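Shown next: work.pdb, given as PDB, C-alpha atoms.
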```pdb
ATOM      1  CA  MET A   1      38.711 -47.197 -24.096  1.00  0.00           C
ATOM      2  CA  ASN A   2      39.984 -47.492 -27.619  1.00  0.00           C
ATOM      3  CA  HIS A   3      37.041 -45.362 -28.728  1.00  0.00           C
ATOM      4  CA  LEU A   4      38.073 -42.617 -26.295  1.00  0.00           C
ATOM      5  CA  SER A   5      41.648 -42.692 -27.556  1.00  0.00           C
ATOM      6  CA  GLN A   6      40.413 -42.369 -31.124  1.00  0.00           C
ATOM      7  CA  SER A   7      38.168 -39.446 -30.169  1.00  0.00           C
ATOM      8  CA  ILE A   8      41.049 -37.686 -28.453  1.00  0.00           C
ATOM      9  CA  LYS A   9      43.273 -38.194 -31.504  1.00  0.00           C
ATOM     10  CA  ILE A  10      40.580 -36.796 -33.813  1.00  0.00           C
ATOM     11  CA  LEU A  11      40.106 -33.737 -31.593  1.00  0.00           C
ATOM     12  CA  GLN A  12      43.857 -33.192 -31.401  1.00  0.00           C
ATOM     13  CA  ASN A  13      44.044 -33.388 -35.201  1.00  0.00           C
ATOM     14  CA  ILE A  14      41.256 -30.800 -35.465  1.00  0.00           C
ATOM     15  CA  GLN A  15      43.152 -28.556 -33.052  1.00  0.00           C
ATOM     16  CA  GLU A  16      46.248 -28.850 -35.218  1.00  0.00           C
ATOM     17  CA  ASP A  17      44.238 -28.062 -38.350  1.00  0.00           C
ATOM     18  CA  ILE A  18      42.790 -24.981 -36.665  1.00  0.00           C
ATOM     19  CA  LYS A  19      46.259 -23.803 -35.662  1.00  0.00           C
ATOM     20  CA  CYS A  20      47.617 -24.458 -39.150  1.00  0.00           C
ATOM     21  CA  ASN A  21      44.730 -22.568 -40.717  1.00  0.00           C
ATOM     22  CA  GLN A  22      45.059 -19.457 -38.579  1.00  0.00           C
ATOM     23  CA  GLN A  23      46.482 -17.805 -41.670  1.00  0.00           C
ATOM     24  CA  LEU A  24      42.923 -17.990 -43.019  1.00  0.00           C
ATOM     25  CA  GLU A  25      41.829 -15.766 -40.160  1.00  0.00           C
ATOM     26  CA  LYS A  26      44.445 -13.165 -41.076  1.00  0.00           C
ATOM     27  CA  ASN A  27      43.506 -13.405 -44.748  1.00  0.00           C
ATOM     28  CA  LEU A  28      39.830 -12.916 -43.914  1.00  0.00           C
ATOM     29  CA  LYS A  29      40.626  -9.759 -41.950  1.00  0.00           C
ATOM     30  CA  SER A  30      42.777  -8.455 -44.765  1.00  0.00           C
ATOM     31  CA  ILE A  31      40.261  -9.238 -47.513  1.00  0.00           C
ATOM     32  CA  GLY A  32      37.379  -7.820 -45.457  1.00  0.00           C
ATOM     33  CA  SER A  33      39.348  -4.661 -44.778  1.00  0.00           C
ATOM     34  CA  GLU A  34      40.378  -4.253 -48.422  1.00  0.00           C
ATOM     35  CA  PHE A  35      36.888  -4.965 -49.704  1.00  0.00           C
ATOM     36  CA  GLY A  36      35.442  -2.537 -47.188  1.00  0.00           C
ATOM     37  CA  LYS A  37      37.543   0.242 -48.737  1.00  0.00           C
ATOM     38  CA  HIS A  38      35.762  -0.185 -52.063  1.00  0.00           C
ATOM     39  CA  VAL A  39      32.192  -0.001 -50.808  1.00  0.00           C
ATOM     40  CA  GLU A  40      30.260   2.709 -49.062  1.00  0.00           C
ATOM     41  CA  GLY A  41      27.796   3.198 -46.245  1.00  0.00           C
ATOM     42  CA  ASP A  42      25.661   0.374 -44.989  1.00  0.00           C
ATOM     43  CA  LEU A  43      27.369  -2.249 -47.154  1.00  0.00           C
ATOM     44  CA  GLN A  44      30.705  -1.432 -45.544  1.00  0.00           C
ATOM     45  CA  SER A  45      29.131  -1.918 -42.109  1.00  0.00           C
ATOM     46  CA  VAL A  46      27.510  -5.196 -43.206  1.00  0.00           C
ATOM     47  CA  ILE A  47      30.840  -6.528 -44.489  1.00  0.00           C
ATOM     48  CA  HIS A  48      32.626  -5.481 -41.309  1.00  0.00           C
ATOM     49  CA  ASN A  49      29.955  -7.137 -39.141  1.00  0.00           C
ATOM     50  CA  LYS A  50      30.066 -10.365 -41.179  1.00  0.00           C
ATOM     51  CA  VAL A  51      33.859 -10.552 -40.939  1.00  0.00           C
ATOM     52  CA  GLN A  52      33.708  -9.934 -37.176  1.00  0.00           C
ATOM     53  CA  SER A  53      31.009 -12.585 -36.840  1.00  0.00           C
ATOM     54  CA  LEU A  54      33.100 -15.149 -38.734  1.00  0.00           C
ATOM     55  CA  LEU A  55      36.156 -14.347 -36.638  1.00  0.00           C
ATOM     56  CA  LYS A  56      34.122 -14.727 -33.451  1.00  0.00           C
ATOM     57  CA  LYS A  57      32.807 -18.117 -34.613  1.00  0.00           C
ATOM     58  CA  TRP A  58      36.383 -19.174 -35.423  1.00  0.00           C
ATOM     59  CA  VAL A  59      37.496 -18.382 -31.862  1.00  0.00           C
ATOM     60  CA  GLU A  60      34.445 -20.189 -30.462  1.00  0.00           C
ATOM     61  CA  LEU A  61      35.322 -23.245 -32.558  1.00  0.00           C
ATOM     62  CA  GLU A  62      38.887 -23.213 -31.248  1.00  0.00           C
ATOM     63  CA  GLU A  63      37.662 -22.975 -27.654  1.00  0.00           C
ATOM     64  CA  MET A  64      35.052 -25.678 -28.111  1.00  0.00           C
ATOM     65  CA  VAL A  65      37.507 -28.163 -29.652  1.00  0.00           C
ATOM     66  CA  SER A  66      40.055 -27.446 -26.934  1.00  0.00           C
ATOM     67  CA  LYS A  67      37.455 -27.990 -24.198  1.00  0.00           C
ATOM     68  CA  LEU A  68      36.202 -31.226 -25.797  1.00  0.00           C
ATOM     69  CA  CYS A  69      39.749 -32.523 -26.045  1.00  0.00           C
ATOM     70  CA  GLU A  70      40.411 -31.784 -22.371  1.00  0.00           C
ATOM     71  CA  GLU A  71      37.158 -33.479 -21.362  1.00  0.00           C
ATOM     72  CA  GLN A  72      37.925 -36.568 -23.447  1.00  0.00           C
ATOM     73  CA  ILE A  73      41.379 -36.863 -21.867  1.00  0.00           C
ATOM     74  CA  PHE A  74      39.794 -36.585 -18.408  1.00  0.00           C
ATOM     75  CA  VAL A  75      37.177 -39.250 -19.240  1.00  0.00           C
ATOM     76  CA  GLU A  76      39.840 -41.590 -20.613  1.00  0.00           C
ATOM     77  CA  LYS A  77      41.884 -41.192 -17.407  1.00  0.00           C
ATOM     78  CA  GLU A  78      38.826 -41.816 -15.223  1.00  0.00           C
ATOM     79  CA  TRP A  79      37.846 -44.932 -17.204  1.00  0.00           C
ATOM     80  CA  SER A  80      41.391 -46.260 -16.956  1.00  0.00           C
ATOM     81  CA  GLU A  81      41.365 -45.835 -13.185  1.00  0.00           C
ATOM     82  CA  TRP A  82      37.914 -47.405 -12.942  1.00  0.00           C
ATOM     83  CA  PHE A  83      38.960 -50.461 -14.970  1.00  0.00           C
ATOM     84  CA  SER A  84      42.071 -50.869 -12.850  1.00  0.00           C
ATOM     85  CA  LEU A  85      40.039 -50.785  -9.635  1.00  0.00           C
ATOM     86  CA  TYR A  86      37.428 -53.108 -11.157  1.00  0.00           C
ATOM     87  CA  ASP A  87      40.124 -55.663 -12.047  1.00  0.00           C
ATOM     88  CA  ALA A  88      41.627 -55.452  -8.560  1.00  0.00           C
ATOM     89  CA  LEU A  89      38.196 -55.886  -6.957  1.00  0.00           C
ATOM     90  CA  SER A  90      37.352 -58.830  -9.233  1.00  0.00           C
ATOM     91  CA  SER A  91      40.611 -60.501  -8.314  1.00  0.00           C
ATOM     92  CA  TRP A  92      39.998 -59.909  -4.621  1.00  0.00           C
ATOM     93  CA  ILE A  93      36.436 -61.285  -4.840  1.00  0.00           C
ATOM     94  CA  SER A  94      37.672 -64.354  -6.686  1.00  0.00           C
ATOM     95  CA  SER A  95      40.289 -64.953  -4.000  1.00  0.00           C
ATOM     96  CA  ARG A  96      37.701 -64.594  -1.250  1.00  0.00           C
ATOM     97  CA  GLN A  97      35.373 -66.996  -3.065  1.00  0.00           C
ATOM     98  CA  ASN A  98      38.193 -69.519  -3.384  1.00  0.00           C
ATOM     99  CA  GLU A  99      38.999 -69.097   0.278  1.00  0.00           C
ATOM    100  CA  GLU A 100      35.345 -69.608   1.198  1.00  0.00           C
ATOM    101  CA  MET A 101      35.093 -72.720  -0.972  1.00  0.00           C
ATOM    102  CA  CYS A 102      38.211 -74.161   0.610  1.00  0.00           C
ATOM    103  CA  SER A 103      36.935 -73.543   4.105  1.00  0.00           C
ATOM    104  CA  ASN A 104      33.580 -75.171   3.310  1.00  0.00           C
ATOM    105  CA  LEU A 105      34.886 -78.439   1.936  1.00  0.00           C
ATOM    106  CA  ASN A 106      34.043 -81.473   4.050  1.00  0.00           C
ATOM    107  CA  ARG A 107      37.366 -83.198   3.746  1.00  0.00           C
ATOM    108  CA  PRO A 108      40.331 -82.355   5.922  1.00  0.00           C
ATOM    109  CA  TYR A 109      43.459 -80.909   4.369  1.00  0.00           C
ATOM    110  CA  SER A 110      46.970 -81.819   5.197  1.00  0.00           C
ATOM    111  CA  VAL A 111      49.013 -79.029   6.758  1.00  0.00           C
ATOM    112  CA  GLU A 112      51.106 -78.715   3.593  1.00  0.00           C
ATOM    113  CA  GLU A 113      48.031 -78.518   1.375  1.00  0.00           C
ATOM    114  CA  TYR A 114      46.421 -75.939   3.656  1.00  0.00           C
ATOM    115  CA  GLU A 115      49.591 -73.808   3.668  1.00  0.00           C
ATOM    116  CA  LEU A 116      49.776 -73.913  -0.141  1.00  0.00           C
ATOM    117  CA  ILE A 117      46.156 -72.810  -0.415  1.00  0.00           C
ATOM    118  CA  MET A 118      46.657 -69.963   2.039  1.00  0.00           C
ATOM    119  CA  GLU A 119      49.861 -68.885   0.282  1.00  0.00           C
ATOM    120  CA  GLU A 120      48.038 -68.824  -3.066  1.00  0.00           C
ATOM    121  CA  LEU A 121      45.216 -66.801  -1.545  1.00  0.00           C
ATOM    122  CA  ASP A 122      47.672 -64.288  -0.062  1.00  0.00           C
ATOM    123  CA  ILE A 123      49.447 -63.896  -3.410  1.00  0.00           C
ATOM    124  CA  ASN A 124      46.161 -63.138  -5.183  1.00  0.00           C
ATOM    125  CA  LYS A 125      44.594 -60.801  -2.651  1.00  0.00           C
ATOM    126  CA  CYS A 126      43.857 -57.258  -3.645  1.00  0.00           C
ATOM    127  CA  LYS A 127      46.540 -54.738  -2.748  1.00  0.00           C
ATOM    128  CA  PHE A 128      45.054 -51.252  -2.356  1.00  0.00           C
TER
END
```
Rewritten as structure tokens:
Amino acid sequence: MNHLSQSIKILQNIQEDIKCNQQLEKNLKSIGSEFGKHVEGDLQSVIHNKVQSLLKKWVELEEMVSKLCEEQIFVEKEWSEWFSLYDALSSWISSRQNEEMCSNLNRPYSVEEYELIMEELDINKCKF
């Protein structure tokens, strides 16, 4: 789970970097527009298309990082729930095994000893 937390933190840091660097996007538009004024014909179209392509890839990167971050958070939550249920089930199985061992012993128990065993088993049983 620690690995998932680290992955989420890295993705969140990337998201922050993207947000902080959105000024780059504005600068790219401005530079592309200004440069386009100084060239003619096909070259102007090529520059415009390249700038638009870069801006599109920037948006795709933002969306991809956001989606990955959401998925990692979901996976971390699911793993946490799974581990919790696994621990509860393990505890319950252990209690049942102890109960079974106690019931299979060939020596009789005193009433007090039996009550203590049953109380311990009840304390440790799984609570869903």
Q.
Evaluated on this file, the PyMOL selection byres ((chain A and resi 66) around 12) picks out some residues - which ones are they, written as a ChimeraX atom specification?
A. /A:8,10-16,18-19,59-65,67-73
Q) Could you work out how far atom CA of Gln22 of chain A lies from atom CA of Gln44 of chain A, giving the answer in Å with one decimal? A) 24.1 Å
Q: Please provide the set of residues having any atom within 12 Å of Asn124 of chain A, restricted to only C-alpha atoms, with same-chain residues fewer than 4 positions apart removed, written as a VMD selection string.
A: chain A and resid 87 to 99 117 to 120
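Here atom CA of Phe74 of chain A and atom CA of Leu55 of chain A stand 29.0 Å from one another.
Computed from the coordinates, the atom CA of Glu81 of chain A to atom CA of Glu100 of chain A distance equals 28.4 Å.
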**Q.** Who sits within 12 Å of segment 34-37 of chain A, only C-alpha atoms, same chain under 3 positions skipped, as number ranges by chain
**A.** A: 27-31, 40-51
N, CA, C and O atoms restored at segment 65-90 of chain A, emitted as a PDB file, in the coordinates of the input:
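Below is the file that was written, out.pdb:
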```
ATOM      1  N   VAL A  65      36.697 -26.988 -29.373  1.00  0.00           N
ATOM      2  CA  VAL A  65      37.507 -28.163 -29.652  1.00  0.00           C
ATOM      3  C   VAL A  65      38.510 -28.394 -28.522  1.00  0.00           C
ATOM      4  O   VAL A  65      38.720 -29.528 -28.077  1.00  0.00           O
ATOM      5  N   SER A  66      39.102 -27.334 -28.030  1.00  0.00           N
ATOM      6  CA  SER A  66      40.055 -27.446 -26.934  1.00  0.00           C
ATOM      7  C   SER A  66      39.379 -28.022 -25.683  1.00  0.00           C
ATOM      8  O   SER A  66      39.914 -28.926 -25.026  1.00  0.00           O
ATOM      9  N   LYS A  67      38.200 -27.509 -25.369  1.00  0.00           N
ATOM     10  CA  LYS A  67      37.455 -27.990 -24.198  1.00  0.00           C
ATOM     11  C   LYS A  67      37.060 -29.460 -24.360  1.00  0.00           C
ATOM     12  O   LYS A  67      37.211 -30.259 -23.431  1.00  0.00           O
ATOM     13  N   LEU A  68      36.579 -29.834 -25.547  1.00  0.00           N
ATOM     14  CA  LEU A  68      36.202 -31.226 -25.797  1.00  0.00           C
ATOM     15  C   LEU A  68      37.403 -32.158 -25.646  1.00  0.00           C
ATOM     16  O   LEU A  68      37.295 -33.244 -25.085  1.00  0.00           O
ATOM     17  N   CYS A  69      38.534 -31.717 -26.144  1.00  0.00           N
ATOM     18  CA  CYS A  69      39.749 -32.523 -26.045  1.00  0.00           C
ATOM     19  C   CYS A  69      40.135 -32.735 -24.574  1.00  0.00           C
ATOM     20  O   CYS A  69      40.435 -33.851 -24.162  1.00  0.00           O
ATOM     21  N   GLU A  70      40.100 -31.674 -23.801  1.00  0.00           N
ATOM     22  CA  GLU A  70      40.411 -31.784 -22.371  1.00  0.00           C
ATOM     23  C   GLU A  70      39.440 -32.730 -21.668  1.00  0.00           C
ATOM     24  O   GLU A  70      39.853 -33.550 -20.838  1.00  0.00           O
ATOM     25  N   GLU A  71      38.164 -32.616 -21.994  1.00  0.00           N
ATOM     26  CA  GLU A  71      37.158 -33.479 -21.362  1.00  0.00           C
ATOM     27  C   GLU A  71      37.368 -34.937 -21.744  1.00  0.00           C
ATOM     28  O   GLU A  71      37.236 -35.827 -20.896  1.00  0.00           O
ATOM     29  N   GLN A  72      37.698 -35.196 -23.004  1.00  0.00           N
ATOM     30  CA  GLN A  72      37.925 -36.568 -23.447  1.00  0.00           C
ATOM     31  C   GLN A  72      39.138 -37.169 -22.740  1.00  0.00           C
ATOM     32  O   GLN A  72      39.118 -38.327 -22.352  1.00  0.00           O
ATOM     33  N   ILE A  73      40.187 -36.383 -22.566  1.00  0.00           N
ATOM     34  CA  ILE A  73      41.379 -36.863 -21.867  1.00  0.00           C
ATOM     35  C   ILE A  73      41.028 -37.194 -20.420  1.00  0.00           C
ATOM     36  O   ILE A  73      41.441 -38.231 -19.888  1.00  0.00           O
ATOM     37  N   PHE A  74      40.230 -36.338 -19.785  1.00  0.00           N
ATOM     38  CA  PHE A  74      39.794 -36.585 -18.408  1.00  0.00           C
ATOM     39  C   PHE A  74      38.970 -37.872 -18.329  1.00  0.00           C
ATOM     40  O   PHE A  74      39.198 -38.709 -17.448  1.00  0.00           O
ATOM     41  N   VAL A  75      38.027 -38.053 -19.249  1.00  0.00           N
ATOM     42  CA  VAL A  75      37.177 -39.250 -19.240  1.00  0.00           C
ATOM     43  C   VAL A  75      38.026 -40.503 -19.454  1.00  0.00           C
ATOM     44  O   VAL A  75      37.830 -41.526 -18.779  1.00  0.00           O
ATOM     45  N   GLU A  76      38.975 -40.438 -20.370  1.00  0.00           N
ATOM     46  CA  GLU A  76      39.840 -41.590 -20.613  1.00  0.00           C
ATOM     47  C   GLU A  76      40.623 -41.956 -19.349  1.00  0.00           C
ATOM     48  O   GLU A  76      40.742 -43.129 -18.990  1.00  0.00           O
ATOM     49  N   LYS A  77      41.140 -40.955 -18.650  1.00  0.00           N
ATOM     50  CA  LYS A  77      41.884 -41.192 -17.407  1.00  0.00           C
ATOM     51  C   LYS A  77      40.978 -41.821 -16.354  1.00  0.00           C
ATOM     52  O   LYS A  77      41.363 -42.786 -15.684  1.00  0.00           O
ATOM     53  N   GLU A  78      39.765 -41.278 -16.214  1.00  0.00           N
ATOM     54  CA  GLU A  78      38.826 -41.816 -15.223  1.00  0.00           C
ATOM     55  C   GLU A  78      38.453 -43.262 -15.541  1.00  0.00           C
ATOM     56  O   GLU A  78      38.389 -44.105 -14.649  1.00  0.00           O
ATOM     57  N   TRP A  79      38.183 -43.560 -16.821  1.00  0.00           N
ATOM     58  CA  TRP A  79      37.846 -44.932 -17.204  1.00  0.00           C
ATOM     59  C   TRP A  79      39.013 -45.867 -16.936  1.00  0.00           C
ATOM     60  O   TRP A  79      38.820 -46.994 -16.471  1.00  0.00           O
ATOM     61  N   SER A  80      40.208 -45.438 -17.203  1.00  0.00           N
ATOM     62  CA  SER A  80      41.391 -46.260 -16.956  1.00  0.00           C
ATOM     63  C   SER A  80      41.504 -46.598 -15.476  1.00  0.00           C
ATOM     64  O   SER A  80      41.759 -47.754 -15.103  1.00  0.00           O
ATOM     65  N   GLU A  81      41.323 -45.598 -14.625  1.00  0.00           N
ATOM     66  CA  GLU A  81      41.365 -45.835 -13.185  1.00  0.00           C
ATOM     67  C   GLU A  81      40.238 -46.766 -12.742  1.00  0.00           C
ATOM     68  O   GLU A  81      40.444 -47.661 -11.921  1.00  0.00           O
ATOM     69  N   TRP A  82      39.056 -46.569 -13.301  1.00  0.00           N
ATOM     70  CA  TRP A  82      37.914 -47.405 -12.942  1.00  0.00           C
ATOM     71  C   TRP A  82      38.175 -48.853 -13.324  1.00  0.00           C
ATOM     72  O   TRP A  82      37.931 -49.765 -12.526  1.00  0.00           O
ATOM     73  N   PHE A  83      38.678 -49.088 -14.544  1.00  0.00           N
ATOM     74  CA  PHE A  83      38.960 -50.461 -14.970  1.00  0.00           C
ATOM     75  C   PHE A  83      40.032 -51.104 -14.107  1.00  0.00           C
ATOM     76  O   PHE A  83      39.948 -52.289 -13.781  1.00  0.00           O
ATOM     77  N   SER A  84      41.013 -50.343 -13.714  1.00  0.00           N
ATOM     78  CA  SER A  84      42.071 -50.869 -12.850  1.00  0.00           C
ATOM     79  C   SER A  84      41.494 -51.302 -11.503  1.00  0.00           C
ATOM     80  O   SER A  84      41.801 -52.386 -10.998  1.00  0.00           O
ATOM     81  N   LEU A  85      40.672 -50.442 -10.912  1.00  0.00           N
ATOM     82  CA  LEU A  85      40.039 -50.785  -9.635  1.00  0.00           C
ATOM     83  C   LEU A  85      39.074 -51.961  -9.782  1.00  0.00           C
ATOM     84  O   LEU A  85      38.991 -52.828  -8.907  1.00  0.00           O
ATOM     85  N   TYR A  86      38.353 -52.006 -10.899  1.00  0.00           N
ATOM     86  CA  TYR A  86      37.428 -53.108 -11.157  1.00  0.00           C
ATOM     87  C   TYR A  86      38.184 -54.433 -11.235  1.00  0.00           C
ATOM     88  O   TYR A  86      37.766 -55.438 -10.644  1.00  0.00           O
ATOM     89  N   ASP A  87      39.317 -54.443 -11.946  1.00  0.00           N
ATOM     90  CA  ASP A  87      40.124 -55.663 -12.047  1.00  0.00           C
ATOM     91  C   ASP A  87      40.645 -56.103 -10.684  1.00  0.00           C
ATOM     92  O   ASP A  87      40.627 -57.288 -10.349  1.00  0.00           O
ATOM     93  N   ALA A  88      41.116 -55.126  -9.892  1.00  0.00           N
ATOM     94  CA  ALA A  88      41.627 -55.452  -8.560  1.00  0.00           C
ATOM     95  C   ALA A  88      40.503 -56.013  -7.686  1.00  0.00           C
ATOM     96  O   ALA A  88      40.713 -57.002  -6.958  1.00  0.00           O
ATOM     97  N   LEU A  89      39.331 -55.410  -7.745  1.00  0.00           N
ATOM     98  CA  LEU A  89      38.196 -55.886  -6.957  1.00  0.00           C
ATOM     99  C   LEU A  89      37.765 -57.279  -7.413  1.00  0.00           C
ATOM    100  O   LEU A  89      37.505 -58.160  -6.583  1.00  0.00           O
ATOM    101  N   SER A  90      37.721 -57.508  -8.710  1.00  0.00           N
ATOM    102  CA  SER A  90      37.352 -58.830  -9.233  1.00  0.00           C
ATOM    103  C   SER A  90      38.324 -59.896  -8.753  1.00  0.00           C
ATOM    104  O   SER A  90      37.915 -60.993  -8.361  1.00  0.00           O
TER     105      SER A  90
END
```
